[in-house]
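See below for the structure under consideration.
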Amino acid sequence: MAKLKTMKGKDFDKAYIDHEVVYHEAVIDALDKTLIPNARNAELKDTLVKTRPAFVAHLEHAKQLQSAMK
């Protein structure tokens with residue numbers, strides 16, 4: 001966040017979208033490797049499974065934007 005606060009314009013946009021790609025990849029990794037497999041509560045596990053596709057969709061959109069910025 002501190003780095004982003006110092007940026008403007010295209011530099012900000014690129015740094016922000018790069019961060020979003022890394023963030024969404026980390027969340028999906030955590031869902032797949034830790035959160036979903038270890039959830040003991042059925043309702044929580046169901047919510048995690050149902051939420052995962054939204055993160056995948058956001059990641060794909062962020063990657064498209066990232067490609068367009070290069």
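Residue numbering restarts at 1 for every chain of the structure tokens, chains are lettered A, B, ... in their displayed order, and ligands are numbered from 1 as they appear.
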Surrounding residues of Thr51 in chain A excluding itself and chain neighbours under 3 positions, 12 Å, only C-alpha atoms, as a PyMOL selection string: chain A and resi 27-28+31-32+35-36+44-48+54-58
Distance query range 63-70 of chain A at most 9 Å, only C-alpha atoms, self and fewer than 3 positions along chain excluded, as a ChimeraX atom specification: /A:10,13-14,17-18,20-21,58-60
Can I get the selection written as a PDB file, in the first residue's frame, with N, CA, C and O atoms?
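The result, stored in result.pdb:
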ATOM      1  N   LYS A  10      -0.111   5.348 -15.177  1.00  0.00           N
ATOM      2  CA  LYS A  10       0.149   3.998 -15.672  1.00  0.00           C
ATOM      3  C   LYS A  10       0.996   3.179 -14.708  1.00  0.00           C
ATOM      4  O   LYS A  10       0.803   1.966 -14.598  1.00  0.00           O
ATOM      5  N   ASP A  13      -1.420   1.923 -12.116  1.00  0.00           N
ATOM      6  CA  ASP A  13      -2.283   0.891 -12.689  1.00  0.00           C
ATOM      7  C   ASP A  13      -1.557  -0.442 -12.808  1.00  0.00           C
ATOM      8  O   ASP A  13      -2.088  -1.490 -12.435  1.00  0.00           O
ATOM      9  N   LYS A  14      -0.329  -0.415 -13.323  1.00  0.00           N
ATOM     10  CA  LYS A  14       0.434  -1.649 -13.498  1.00  0.00           C
ATOM     11  C   LYS A  14       0.766  -2.295 -12.157  1.00  0.00           C
ATOM     12  O   LYS A  14       0.597  -3.496 -11.975  1.00  0.00           O
ATOM     13  N   ILE A  17      -2.494  -3.824 -10.609  1.00  0.00           N
ATOM     14  CA  ILE A  17      -2.974  -5.050 -11.252  1.00  0.00           C
ATOM     15  C   ILE A  17      -1.999  -6.192 -11.011  1.00  0.00           C
ATOM     16  O   ILE A  17      -2.421  -7.340 -10.814  1.00  0.00           O
ATOM     17  N   ASP A  18      -0.695  -5.912 -10.982  1.00  0.00           N
ATOM     18  CA  ASP A  18       0.285  -6.950 -10.649  1.00  0.00           C
ATOM     19  C   ASP A  18       0.025  -7.492  -9.246  1.00  0.00           C
ATOM     20  O   ASP A  18       0.086  -8.706  -9.015  1.00  0.00           O
ATOM     21  N   GLU A  20      -2.860  -7.464  -7.657  1.00  0.00           N
ATOM     22  CA  GLU A  20      -4.120  -8.207  -7.667  1.00  0.00           C
ATOM     23  C   GLU A  20      -3.936  -9.632  -8.196  1.00  0.00           C
ATOM     24  O   GLU A  20      -4.536 -10.566  -7.673  1.00  0.00           O
ATOM     25  N   VAL A  21      -3.107  -9.795  -9.208  1.00  0.00           N
ATOM     26  CA  VAL A  21      -2.837 -11.139  -9.742  1.00  0.00           C
ATOM     27  C   VAL A  21      -2.191 -11.998  -8.657  1.00  0.00           C
ATOM     28  O   VAL A  21      -2.634 -13.122  -8.388  1.00  0.00           O
ATOM     29  N   HIS A  58     -12.042 -13.400 -10.972  1.00  0.00           N
ATOM     30  CA  HIS A  58     -11.329 -12.141 -10.743  1.00  0.00           C
ATOM     31  C   HIS A  58      -9.874 -12.263 -11.176  1.00  0.00           C
ATOM     32  O   HIS A  58      -9.317 -11.318 -11.753  1.00  0.00           O
ATOM     33  N   LEU A  59      -9.256 -13.414 -10.902  1.00  0.00           N
ATOM     34  CA  LEU A  59      -7.876 -13.635 -11.323  1.00  0.00           C
ATOM     35  C   LEU A  59      -7.761 -13.590 -12.842  1.00  0.00           C
ATOM     36  O   LEU A  59      -6.863 -12.933 -13.380  1.00  0.00           O
ATOM     37  N   GLU A  60      -8.654 -14.249 -13.530  1.00  0.00           N
ATOM     38  CA  GLU A  60      -8.609 -14.253 -14.994  1.00  0.00           C
ATOM     39  C   GLU A  60      -8.791 -12.847 -15.556  1.00  0.00           C
ATOM     40  O   GLU A  60      -8.103 -12.456 -16.499  1.00  0.00           O
TER      41      GLU A  60
END
